[in-house]
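Q: Structure: target-v2.txt, compact mmCIF, C-alpha atoms.
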```
# COMPACT_ATOMS: atom_id res chain seq x y z
CA MET O 1 43.11 -4.45 25.21
CA ALA O 2 41.66 -2.14 22.53
CA ASP O 3 44.76 0.07 22.61
CA ASP O 4 47.04 -2.95 22.25
CA MET O 5 45.12 -4.06 19.15
CA GLU O 6 44.95 -0.44 17.83
CA LEU O 7 41.15 -0.62 17.68
CA ASP O 8 38.28 1.22 19.41
CA LEU O 9 36.19 0.18 22.43
CA ILE O 10 32.55 0.52 21.35
CA GLU O 11 29.73 0.51 23.90
CA ILE O 12 26.93 -1.61 22.43
CA SER O 13 24.36 -1.71 25.25
CA PRO O 14 24.99 0.85 28.00
CA LYS O 15 21.88 -0.04 30.03
CA ALA O 16 22.80 -3.72 30.44
CA ASP O 17 24.32 -4.89 33.70
CA PRO O 18 27.33 -5.02 33.15
CA PRO O 19 27.45 -2.74 30.05
CA VAL O 20 28.18 -4.59 26.81
CA CYS O 21 31.23 -3.40 24.88
CA ARG O 22 32.99 -4.54 21.74
CA ILE O 23 36.49 -4.09 20.43
CA ALA O 24 36.32 -3.05 16.76
CA ASP O 25 37.15 -0.33 14.27
CA TYR O 26 34.62 2.44 14.95
CA SER O 27 34.38 3.74 11.37
CA LYS O 28 33.80 0.20 10.10
CA PHE O 29 31.17 -0.31 12.81
CA LEU O 30 29.32 2.87 11.71
CA TYR O 31 29.52 1.78 8.07
CA HIS O 32 27.89 -1.57 8.87
CA GLN O 33 25.16 0.11 10.93
CA LYS O 34 24.29 2.48 8.07
CA ARG O 35 24.26 -0.42 5.64
CA LYS O 36 21.87 -2.44 7.85
CA ALA O 37 19.56 0.58 8.21
CA LYS O 38 19.56 1.04 4.42
CA GLU O 39 18.67 -2.65 3.87
CA ILE O 40 15.80 -2.43 6.35
CA LYS O 41 14.49 0.69 4.63
CA ALA O 42 14.68 -1.00 1.22
CA LYS O 43 12.66 -3.99 2.48
CA GLN O 44 9.79 -1.81 3.72
CA VAL O 45 6.58 -2.22 1.76
CA LYS O 46 5.29 0.93 0.16
CA VAL O 47 1.50 0.90 -0.16
CA VAL O 48 0.43 1.97 -3.63
CA ILE O 49 -3.16 3.06 -4.20
CA LYS O 50 -4.47 3.01 -7.77
CA GLU O 51 -7.71 4.78 -8.60
CA ILE O 52 -10.46 3.63 -10.93
CA ARG O 53 -13.24 6.06 -11.80
CA PHE O 54 -16.75 5.15 -12.84
CA GLY O 55 -19.82 7.15 -13.79
CA PRO O 56 -23.23 6.16 -12.41
CA GLN O 57 -24.29 4.80 -15.83
CA THR O 58 -21.05 3.04 -16.82
CA ASP O 59 -21.60 0.63 -19.72
CA ASP O 60 -20.70 -3.08 -19.52
CA HIS O 61 -17.75 -2.81 -21.92
CA ASP O 62 -16.20 0.07 -19.96
CA TYR O 63 -16.90 -1.75 -16.71
CA ASN O 64 -15.13 -4.92 -17.91
CA PHE O 65 -12.19 -2.88 -19.21
CA LYS O 66 -11.75 -1.20 -15.82
CA LEU O 67 -12.28 -4.52 -14.02
CA LYS O 68 -9.31 -6.04 -15.90
CA HIS O 69 -7.14 -3.05 -14.98
CA ALA O 70 -8.14 -3.44 -11.33
CA GLU O 71 -7.26 -7.16 -11.44
CA ASN O 72 -3.80 -6.31 -12.75
CA PHE O 73 -3.28 -3.67 -10.06
CA ILE O 74 -4.30 -6.07 -7.30
CA LYS O 75 -2.09 -8.86 -8.67
CA GLU O 76 0.84 -6.40 -8.55
CA GLY O 77 0.07 -5.86 -4.85
CA ALA O 78 -1.47 -2.38 -5.05
CA LYS O 79 -4.67 -1.30 -3.34
CA VAL O 80 -7.50 -0.12 -5.59
CA LYS O 81 -9.69 2.87 -4.81
CA ALA O 82 -12.79 2.59 -6.96
CA TYR O 83 -15.13 5.54 -7.02
CA VAL O 84 -18.24 6.71 -8.79
CA PHE O 85 -18.20 10.41 -9.63
CA PHE O 86 -21.58 12.10 -9.77
CA ARG O 87 -21.83 15.19 -11.99
CA GLY O 88 -24.65 17.69 -11.81
CA ARG O 89 -28.02 16.01 -11.40
CA SER O 90 -26.60 12.48 -11.64
CA ILE O 91 -26.39 12.55 -7.81
CA VAL O 92 -29.99 11.29 -8.03
CA PHE O 93 -28.55 7.88 -9.05
CA LYS O 94 -26.76 7.17 -5.75
CA GLU O 95 -28.25 3.69 -5.61
CA GLN O 96 -26.91 2.87 -9.10
CA GLY O 97 -23.44 3.98 -8.02
CA GLU O 98 -23.55 1.82 -4.91
CA ILE O 99 -24.79 -1.19 -6.89
CA LEU O 100 -21.97 -0.68 -9.40
CA LEU O 101 -19.31 -0.59 -6.66
CA LEU O 102 -20.74 -3.65 -4.88
CA ARG O 103 -20.78 -5.52 -8.21
CA PHE O 104 -17.15 -4.49 -8.69
CA ALA O 105 -16.30 -5.86 -5.23
CA THR O 106 -18.06 -9.19 -5.85
CA ASP O 107 -16.29 -9.60 -9.22
CA LEU O 108 -12.93 -9.13 -7.50
CA GLU O 109 -13.68 -11.05 -4.27
CA GLU O 110 -11.45 -14.00 -5.29
CA ILE O 111 -8.30 -11.85 -5.32
CA ALA O 112 -9.24 -8.84 -3.17
CA LYS O 113 -11.01 -7.99 0.04
CA VAL O 114 -13.07 -4.88 0.69
CA GLU O 115 -11.23 -2.58 3.06
CA LEU O 116 -13.77 0.24 2.99
CA MET O 117 -17.40 -0.27 1.96
CA PRO O 118 -18.96 2.27 -0.43
CA THR O 119 -19.41 5.63 1.27
CA LEU O 120 -20.68 8.87 -0.24
CA GLU O 121 -18.40 11.87 0.29
CA GLY O 122 -19.63 14.94 -1.52
CA LYS O 123 -19.95 14.05 -5.21
CA LYS O 124 -17.93 10.83 -4.93
CA MET O 125 -18.85 7.39 -3.68
CA ASN O 126 -15.61 5.65 -2.63
CA MET O 127 -14.66 2.04 -1.98
CA ILE O 128 -11.19 0.63 -1.25
CA LEU O 129 -10.09 -2.90 -2.16
CA ALA O 130 -6.89 -4.53 -0.89
CA PRO O 131 -5.18 -7.69 -2.16
CA LYS O 132 -5.84 -10.88 -0.20
CA GLY O 133 -2.91 -12.57 1.51
CA LYS O 134 0.57 -11.30 2.39
CA LYS O 135 1.43 -9.81 -1.00
CA GLN O 136 0.82 -6.20 0.14
```
So, in terms of structure tokens, how does the structure I just supplied come out?

A:
Amino acid sequence: MADDMELDLIEISPKADPPVCRIADYSKFLYHQKRKAKEIKAKQVKVVIKEIRFGPQTDDHDYNFKLKHAENFIKEGAKVKAYVFFRGRSIVFKEQGEILLLRFATDLEEIAKVELMPTLEGKKMNMILAPKGKKQ
């Protein structure tokens, strides 16, 4: 039948019983498959992580400025990695850094959820916030 129509016999599902075949133009079939794969790849969500850096004694004005930036990042659908960087002897203020990050999380709790609670890794105390809902 395929030869009469001057088309190709394409095996779609070889493991089915009986095997599923289709009569079509093979080059056109490959073109459509590549196009579908490209569309699927374009629809994939790429996770973006934005970083916000604090010091252990960050002032209120700086804190509010960074808070607004974090809100914008989360509304765009990006994750936010907030961290407090301890320099030199400021590592003594670990508690202040943790309090600052927890305050940051509570200020953003309406639009974001905490994915990783504050943890100290070397000279950094990290926390990751992700947007609430399906906007990721």

Q: Just to confirm, what's the straight-line distance from CA of Phe86 (chain O) to CA of Lys124 (chain O) in Å (one decimal)?

A: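 Between these atoms lies a distance of 6.2 Å.
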
Q: Could you name the residues that touch region 62-77 of chain O at 12 Å or less, counting all atoms listed in the file, but leaving out those on the same chain fewer than 4 positions away, as a ChimeraX atom specification?

A: /O:45-58,81-84,100-101,103-114,128-136

Q: One decimal, in Å: what's the spacing between CA of Cys21 (chain O) and CA of Lys43 (chain O)?

A: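 CA of Lys43 (chain O) lies at a distance of 29.1 Å from CA of Cys21 (chain O).
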
Q: Around all the atoms of region 26-34 of chain O listed in the file, with 6 Å of room on each side, what axis-aligned box do you get, giving centre and edge lengths in Å to one decimal, as AutoDock Vina command-line options?

A:
```
--center_x 29.5 --center_y 1.1 --center_z 11.5 --size_x 22.3 --size_y 17.3 --size_z 18.9
```

Q: Can you tell me which residues surround Asp3 (chain O) at a distance of at most 12 Å, considering all atoms listed in the file, apart from same-chain residues fewer than 3 positions away, and format the answer as a list in words?

A: Glu6, Leu7, Asp8, Leu9, Ile23, Ala24 and Asp25 of chain O

Q: Quick check, in Å to one decimal: how far apart do CA of Val80 (chain O) and CA of Gly97 (chain O) lie?

A: 16.6 Å

Q: Taking all atoms listed in the file into account, which of O:Lys34, O:Leu102, O:Gly122, O:Leu116 comes nearest Gly88 (chain O)?

A: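 For Gly88 (chain O), the nearest of the candidates is O:Gly122.
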
Q: Give the answer as one residue: which of O:Leu30, O:Met5, O:Met125, O:Met117 has the shortest atom-to-atom distance to Gln96 (chain O), using all atoms listed in the file?

A: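 Between O:Leu30, O:Met5, O:Met125, O:Met117, the residue approaching Gln96 (chain O) most closely is O:Met125.
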
Q: With only C-alpha atoms as the basis for distance, which of O:Arg35, O:Met1, O:His61, O:Lys123 is at the shortest distance from Arg89 (chain O)?

A: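 Checking each of O:Arg35, O:Met1, O:His61, O:Lys123 against Arg89 (chain O), counting only C-alpha atoms, the winner is O:Lys123.
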